[in-house]
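Please read the structure below before turning to the comments.
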Amino acid sequence: MQKSLANNSLGKKLIAPIAILLALGMPLYVRGAEYPLMLACIIQLYVVAVSGLDILFGYCGQISLGHAAFYAIGAYGSAILHNNFGLPILFTMFVAATLAALVGAVLAIPASKLVFHFLSLATVAFGEIVYQFIVHSPGGITKDFNGIFSARLSIFGFEFSTYRLWYYFGLACVIVFLTAKYFLVHSKTGRAFTAIRENSHAANGMGINVRKYKVMAFATSAFYTAFAGAMYIHLVGYVHPDTFLRKQSVLFLTMLLFGGTGSLTGPILGVISVELLIESLRVLQDYQGFVYGILLLIVIVALPGGLFGGFKNVWNLLAGRLGKRRGGAGAC
Amino acid sequence: MFLRLLISGLVLGGIYSLIALGYSLIYKASGLMSFVQGDVMTLGAYLGLTFYRILGLPFVVSLILTVLCAFAFGMLLEKGVIRVLLNKNVLPIYVVLATIAISYIIQNGVQLGWGSITQYFPSVFSKSSVKVLSVSVQPEALLCVGASLVCMVLLHFFMTRTRFGTAMRAAAMDPTAAYSCGINVSMSTGITWGLSAGLAAIAGMLIGPMYGVYALLGSMIGSKGFSGAVIGGYGNMYGAMVGGILLGLAEVFVTGYISSTYKNLIAYILLITFLFLKPTGLFNERAIQDD
């Protein structure tokens with residue numbers, strides 16, 4: 001009984017994300033739409049990464065401005081394991097993501113006592129340290145400033161040689177990771193995360209081991225983001241270290257806040273809207289970064305609830321107006 | 001070797017101190033963290049360049065004009081963005097993100113305004129080098145060390161000896177109590193942001209003649225400045241000065257004697273070490289509450 005209830009609401013919660021992602025697959029039905037299709041693939045892997053950040057920030061309330069580091073560990077880890085040891089790609093992706101989860105846990109043990117601003121500084125420092133290690137790696141294992149090449153995704157000899165094929169792989173990943181996220185946040189662990197977000201002292205008083213759950217949130221989040229990094233390198237085939245600057249961490253956070261935190265749909269909406277915004281700003285060429293900054297600032301100041309929250313406000317406003325009008329008509 | 005390193009360490013340390021001071025002042029006055037400090041420094045360097053090289057004004061006049069512009073910018077930032085967000089009672093992360101958005105605007109804006117190539121900042125003195133204890137040094141380096149020390153001393157006197165500084169410290173300590181004593185808290189927070197921006201702009205003008213001026217000049221220095229502020233004790237004015245100078249010396253000496261490969265790593269390793277092991281910094285500032 002309990003289980004079927006959970007399944008029902010899971011089904012409902014997953015309908016919206018899956019519908020959006022299927023809609024994203026529109027280019028699948030158009031011949032020769034390679035670029036939009038690649039964009040759809042990038043959006044999928046960003047959804048995984050931002051969902052990971054959502055577990056940490058949206059549910060557990062812990063800020064990170066260094067998630068690009070986990071993204072980098074995933075990408076480089078998988079590429080190096082595949083290139084140097086010839087391990088199969090899907091396996092290397094999981095190993096790299098697990099490695100990132102371990103790093104995240106090790107970082108979180110001392111970091112868990114830091115609150116908001118200082119946690120963000122610690123994660124900034126962590127991100128920079130990882131970046132510096134990539135560009136000055138011992139023995140040149142990451143090829144330093146040259147960036148690293150790796151093979152396209154192939155599973156059991158089946159090569160995902162086109163974006164079209166990769167799209168299905170990405171969709172499967174998104175479904176698996178979102179389902180896992182759903183079960184995680186609706187479990188005892190997820191409730192502990194939310195309790196820590198709302199009030200860590202009260203959570204502690206209720207017998208929740210705050211440090212342990214913070215470490216778990218960091219590790220899970222790192223796993224998601226690192227897996228997305230591994231997806232990225234085996235989609236594009238190449239990464240440059242400058243992909244992993246603080247800008248990337250800020251981008252993840254921007255996407256999350258644009259879409260709205262603490263939901264399954266939020267990260268998807270955020271990723272799609274920010275990614276499409278960035279793509280459409282490309283026509284401005286030199287002015288791209290400048291206009292992006294201004295738009296970002298306007299959205300932050302005007303719509304701090306994210307796009308999702310903004311829609312909700314507009315909806316409530318409209319509903320309120322309509323309701324009033326109807327009420328007024330009734331009174332007349 | 002030692003003396004040469006010492007001087008360049010002090011130069012870099014002075015710059016870090018000015019940036020770290022800005023962070024500490026802002027944190028003390030409003031409990032917020034600004035990620036825009038380094039880019040205000042870039043903006044200051046470009047403004048200084050415009051006044052000094054393009055308009056041909058004397059250095060001191062350009063410095064004063066630059067500081068005034070930066071001060072206005074800082075106040076505008078507080079009144080126009082930060083205060084608006086705080087009044088909406090948003091999560092603190094939005095304030096952080098807003099300052100990051102402004103730093104993108106500055107980084108890209110200066111490229112649009114002044115071009116994307118590194119600009120040459122003409123030297124301030126006619127001599128190209130002076131001898132200090134048998135070591136020849138760029139006179140601008142001495143100016144940098146001297147000016148940052150003067151700034152710190154002036155700031156100390158401003159904060160402790162003037163009515164206005166006292167009011168600002170009171171407003172930072174307990175806004176409600178200060179408000180009930182008739183202190184204009186909102187004004188003093190605005191002035192704090194202005195002062196921080198002014199300090200950053202001075203740093204930009206001092207470093208311009210030595211490093212050249214380019215759009216990402218301040219972005220690295222800005223994030224390393226956090227390290228200086230944390231080493232000293234975040235929110236402590238004197239801590240920021242000492243922490244910044246220690247950071248500059250550490251960076252230069254490690255680069256000089258050990259290896260330059262990990263030059264950019266030192267600041268962040270110090271930052272993370274202090275956060276984890278001694279979050280209250282050298283001056284034991286109780287800003288960072290344990291959770």
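Within each chain, counting starts at residue 1; across the structure tokens, chains are named A, B, ... in the order shown, with ligands numbered 1 upward in that order.
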- Message: Give me, as an MDAnalysis selection string, the residues of chain B touching chain A, with the criterion being at most 6 Å (counting only C-alpha atoms).
- Response: chainID B and resid 98 101 104:105 108:109 268 272 276 290:291
- Query: What residues in stretch 41-267 of chain A get the DSSP label alpha helix (DSSP H)? Please answer as a PyMOL selection string.
  - Reply: chain A and resi 41-54+67-85+89-111+116-135+163-185+188-198+200-205+210-236+246-259+265-267
File of the preceding selection, C-alpha atoms, as a compact mmCIF listing (two decimals), in the first residue's frame:
```
# COMPACT_ATOMS: atom_id res chain seq x y z
CA CYS A 41 22.68 16.52 -25.01
CA ILE A 42 24.56 19.25 -23.14
CA ILE A 43 21.33 20.22 -21.41
CA GLN A 44 20.86 16.63 -20.28
CA LEU A 45 24.26 16.40 -18.67
CA TYR A 46 23.83 19.80 -17.06
CA VAL A 47 20.53 18.57 -15.62
CA VAL A 48 22.41 15.76 -13.89
CA ALA A 49 25.07 18.17 -12.59
CA VAL A 50 22.61 20.80 -11.37
CA SER A 51 20.38 18.18 -9.77
CA GLY A 52 23.43 17.15 -7.80
CA LEU A 53 23.99 20.70 -6.67
CA ASP A 54 20.30 20.87 -5.78
CA HIS A 67 31.31 22.34 -7.98
CA ALA A 68 33.35 22.81 -11.13
CA ALA A 69 36.04 20.87 -9.27
CA PHE A 70 33.85 17.76 -9.02
CA TYR A 71 32.85 18.24 -12.64
CA ALA A 72 36.55 18.29 -13.48
CA ILE A 73 37.34 15.20 -11.40
CA GLY A 74 34.62 13.33 -13.27
CA ALA A 75 35.80 14.43 -16.71
CA TYR A 76 39.52 14.01 -16.15
CA GLY A 77 39.15 10.90 -14.01
CA SER A 78 37.14 9.07 -16.60
CA ALA A 79 39.33 10.23 -19.47
CA ILE A 80 42.57 9.24 -17.74
CA LEU A 81 41.26 5.86 -16.61
CA HIS A 82 40.08 5.13 -20.14
CA ASN A 83 43.12 6.49 -21.99
CA ASN A 84 45.86 5.14 -19.74
CA PHE A 85 44.39 1.85 -18.54
CA ILE A 89 33.98 3.84 -20.55
CA LEU A 90 30.81 3.34 -18.53
CA PHE A 91 32.92 1.72 -15.81
CA THR A 92 35.42 4.59 -15.77
CA MET A 93 32.56 7.06 -15.50
CA PHE A 94 31.32 5.35 -12.35
CA VAL A 95 34.81 5.04 -10.90
CA ALA A 96 35.54 8.71 -11.52
CA ALA A 97 32.22 9.76 -9.99
CA THR A 98 32.87 7.55 -6.94
CA LEU A 99 36.30 9.10 -6.60
CA ALA A 100 34.73 12.55 -6.67
CA ALA A 101 32.23 11.45 -4.02
CA LEU A 102 35.14 10.37 -1.80
CA VAL A 103 36.89 13.69 -2.36
CA GLY A 104 33.63 15.46 -1.56
CA ALA A 105 33.28 13.51 1.67
CA VAL A 106 36.87 14.23 2.70
CA LEU A 107 36.31 17.92 1.98
CA ALA A 108 33.02 17.94 3.86
CA ILE A 109 34.37 16.46 7.09
CA PRO A 110 36.26 19.63 8.07
CA ALA A 111 34.01 21.93 6.00
CA PHE A 116 27.23 29.86 4.81
CA HIS A 117 29.76 32.52 3.73
CA PHE A 118 32.79 30.69 4.99
CA LEU A 119 31.67 27.44 3.44
CA SER A 120 31.43 29.26 0.15
CA LEU A 121 34.99 30.56 0.61
CA ALA A 122 36.24 27.06 1.43
CA THR A 123 34.59 25.68 -1.70
CA VAL A 124 36.02 28.53 -3.79
CA ALA A 125 39.46 27.63 -2.47
CA PHE A 126 38.84 23.93 -3.15
CA GLY A 127 37.80 24.70 -6.71
CA GLU A 128 40.91 26.78 -7.33
CA ILE A 129 43.17 24.12 -5.82
CA VAL A 130 41.74 21.44 -8.10
CA TYR A 131 42.08 23.78 -11.09
CA GLN A 132 45.73 24.49 -10.24
CA PHE A 133 46.41 20.76 -9.94
CA ILE A 134 44.92 20.19 -13.36
CA VAL A 135 47.00 22.83 -15.07
CA TYR A 163 24.51 13.00 -31.01
CA ARG A 164 21.24 11.24 -31.85
CA LEU A 165 22.41 8.01 -30.23
CA TRP A 166 24.03 9.83 -27.35
CA TYR A 167 20.73 11.62 -26.71
CA TYR A 168 19.10 8.34 -25.67
CA PHE A 169 21.97 7.56 -23.34
CA GLY A 170 21.65 11.03 -21.81
CA LEU A 171 17.92 10.59 -21.38
CA ALA A 172 18.48 7.28 -19.60
CA CYS A 173 21.02 8.92 -17.29
CA VAL A 174 18.66 11.79 -16.48
CA ILE A 175 15.84 9.38 -15.66
CA VAL A 176 18.05 7.20 -13.48
CA PHE A 177 19.58 10.14 -11.61
CA LEU A 178 16.29 11.97 -11.13
CA THR A 179 14.59 8.82 -9.87
CA ALA A 180 17.46 8.23 -7.47
CA LYS A 181 17.18 11.84 -6.34
CA TYR A 182 13.45 11.43 -5.80
CA PHE A 183 13.93 8.38 -3.61
CA LEU A 184 16.82 10.01 -1.77
CA VAL A 185 14.97 13.19 -0.84
CA LYS A 188 14.92 9.35 6.04
CA THR A 189 18.17 10.83 4.70
CA GLY A 190 16.31 13.39 2.63
CA ARG A 191 14.21 14.45 5.59
CA ALA A 192 17.39 14.83 7.63
CA PHE A 193 18.82 17.04 4.87
CA THR A 194 15.75 19.28 4.93
CA ALA A 195 15.85 19.47 8.73
CA ILE A 196 19.49 20.61 8.56
CA ARG A 197 18.60 23.20 5.92
CA GLU A 198 15.78 24.64 8.01
CA SER A 200 20.75 22.75 11.98
CA HIS A 201 20.61 23.31 15.74
CA ALA A 202 17.07 21.98 15.94
CA ALA A 203 18.06 19.07 13.71
CA ASN A 204 20.91 18.33 16.05
CA GLY A 205 18.52 18.49 18.98
CA VAL A 210 24.38 16.87 11.38
CA ARG A 211 27.97 16.32 10.34
CA LYS A 212 27.28 12.82 8.98
CA TYR A 213 24.38 14.02 6.85
CA LYS A 214 26.29 17.04 5.59
CA VAL A 215 29.08 14.71 4.50
CA MET A 216 26.53 12.46 2.78
CA ALA A 217 24.99 15.42 0.98
CA PHE A 218 28.39 16.57 -0.23
CA ALA A 219 29.36 13.11 -1.40
CA THR A 220 26.10 12.48 -3.26
CA SER A 221 26.20 15.89 -4.84
CA ALA A 222 29.79 15.37 -5.93
CA PHE A 223 28.85 12.00 -7.44
CA TYR A 224 26.12 13.57 -9.59
CA THR A 225 28.23 16.47 -10.79
CA ALA A 226 31.27 14.32 -11.48
CA PHE A 227 29.17 11.86 -13.45
CA ALA A 228 27.95 14.78 -15.53
CA GLY A 229 31.58 15.76 -16.10
CA ALA A 230 32.31 12.24 -17.32
CA MET A 231 29.26 12.42 -19.60
CA TYR A 232 30.63 15.68 -20.98
CA ILE A 233 34.06 14.37 -21.94
CA HIS A 234 32.62 11.30 -23.63
CA LEU A 235 30.13 13.46 -25.51
CA VAL A 236 32.52 16.12 -26.77
CA ARG A 246 34.96 29.29 -10.98
CA LYS A 247 32.72 30.57 -13.77
CA GLN A 248 31.45 27.02 -14.25
CA SER A 249 30.57 26.65 -10.57
CA VAL A 250 28.73 29.95 -10.73
CA LEU A 251 26.95 28.77 -13.87
CA PHE A 252 25.67 25.65 -12.05
CA LEU A 253 24.44 27.80 -9.20
CA THR A 254 22.83 30.29 -11.58
CA MET A 255 21.00 27.49 -13.36
CA LEU A 256 19.78 26.10 -10.07
CA LEU A 257 18.57 29.45 -8.79
CA PHE A 258 16.98 30.35 -12.15
CA GLY A 259 14.91 27.20 -12.11
CA THR A 265 11.68 20.16 -12.25
CA GLY A 266 13.56 23.24 -11.04
CA PRO A 267 17.02 22.22 -12.24
```
- Message: Set the distance at 9 Å and use only C-alpha atoms: which residues neighbour B:Ala215 once local chain neighbours fewer than 2 positions away are removed? I'd like the list as number ranges by chain.
- Response: B: 39, 42-43, 46, 106-111, 115-118, 213, 217-219
Next, write the just-selected residues to a file, as a PDB file, in the first residue's frame, keeping C-alpha atoms as the atom set.
```pdb
ATOM      1  CA  ASP B  39      36.964  43.777 -10.217  1.00  0.00           C
ATOM      2  CA  THR B  42      40.362  46.533 -12.213  1.00  0.00           C
ATOM      3  CA  LEU B  43      37.873  49.328 -12.717  1.00  0.00           C
ATOM      4  CA  TYR B  46      41.209  51.607 -15.891  1.00  0.00           C
ATOM      5  CA  ILE B 106      32.826  45.011 -14.999  1.00  0.00           C
ATOM      6  CA  GLN B 107      35.091  42.384 -16.586  1.00  0.00           C
ATOM      7  CA  ASN B 108      33.239  42.525 -19.870  1.00  0.00           C
ATOM      8  CA  GLY B 109      32.410  46.222 -19.659  1.00  0.00           C
ATOM      9  CA  VAL B 110      36.032  47.356 -19.404  1.00  0.00           C
ATOM     10  CA  GLN B 111      36.857  45.239 -22.457  1.00  0.00           C
ATOM     11  CA  GLY B 115      39.589  47.216 -25.659  1.00  0.00           C
ATOM     12  CA  SER B 116      40.743  43.728 -24.818  1.00  0.00           C
ATOM     13  CA  ILE B 117      44.505  44.234 -25.095  1.00  0.00           C
ATOM     14  CA  THR B 118      46.668  44.907 -22.039  1.00  0.00           C
ATOM     15  CA  VAL B 213      46.086  47.003 -16.990  1.00  0.00           C
ATOM     16  CA  LEU B 217      43.762  42.018 -13.540  1.00  0.00           C
ATOM     17  CA  GLY B 218      41.694  41.935 -10.386  1.00  0.00           C
ATOM     18  CA  SER B 219      39.884  38.659 -10.680  1.00  0.00           C
TER      19      SER B 219
END
```
- Item | Residue set, stretch 128-285 of chain A restricted to strand (DSSP E or B), as a ChimeraX atom specification | /A:148-149,154-155,158-159,238-239
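Picture a line from atom CA of B:Ser126 to atom CA of B:Leu143; it runs 13.2 Å.
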- Query: What's the 6 Å shell around stretch 235-252 of chain B, counting only C-alpha atoms, without same-chain residues fewer than 2 positions away, as a list in words?
  - Reply: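 Counting only C-alpha atoms, the residues come to Gly9, Leu12, Gly13, Gly14, Tyr16, Ser17, Ala20, Leu21, Ser24, Tyr27, Lys28, Gly228, Ala229, Ile231, Gly232, Gly233, Val254, Thr255, Gly256 and Phe283 of chain B.
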- Message: So the first atom is atom CA of B:Leu206 and the second is atom CA of B:Ile100; what is the distance between them in Å, to one decimal place?
- Response: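 It comes out at 24.0 Å.
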- Item | Spatial neighbours of B:Leu77, 12 Å, only C-alpha atoms, chain gap at least 4 places, as a list in words |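 My reading of the contact set: Leu297 of chain A; Ser34, Val36, Gln37, Val40, Ala70, Phe71, Ala72, Phe73, Val81, Ile82, Arg83, Val84, Leu85, Val95, Ala98, Thr99, Ala101, Ile102, Ser103, Thr189, Gly190, Ile191, Thr192, Trp193, Gly194, Leu195, Ser196 and Ala197 of chain B.
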- Query: Just how far from atom CA of B:Lys224 is atom CA of A:Phe145, in Å to one decimal?
  - Reply: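 Here the two named atoms are 21.3 Å from each other.
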- For B:Ser148, work out the shell of residues within 8 Å, counting only C-alpha atoms and skipping chain neighbours fewer than 2 positions away, then give it as a list in words. Gly14, Ile15, Ser17, Leu18, Cys144, Val145, Gly146, Val150, Cys151, Met152 and Ala203 of chain B
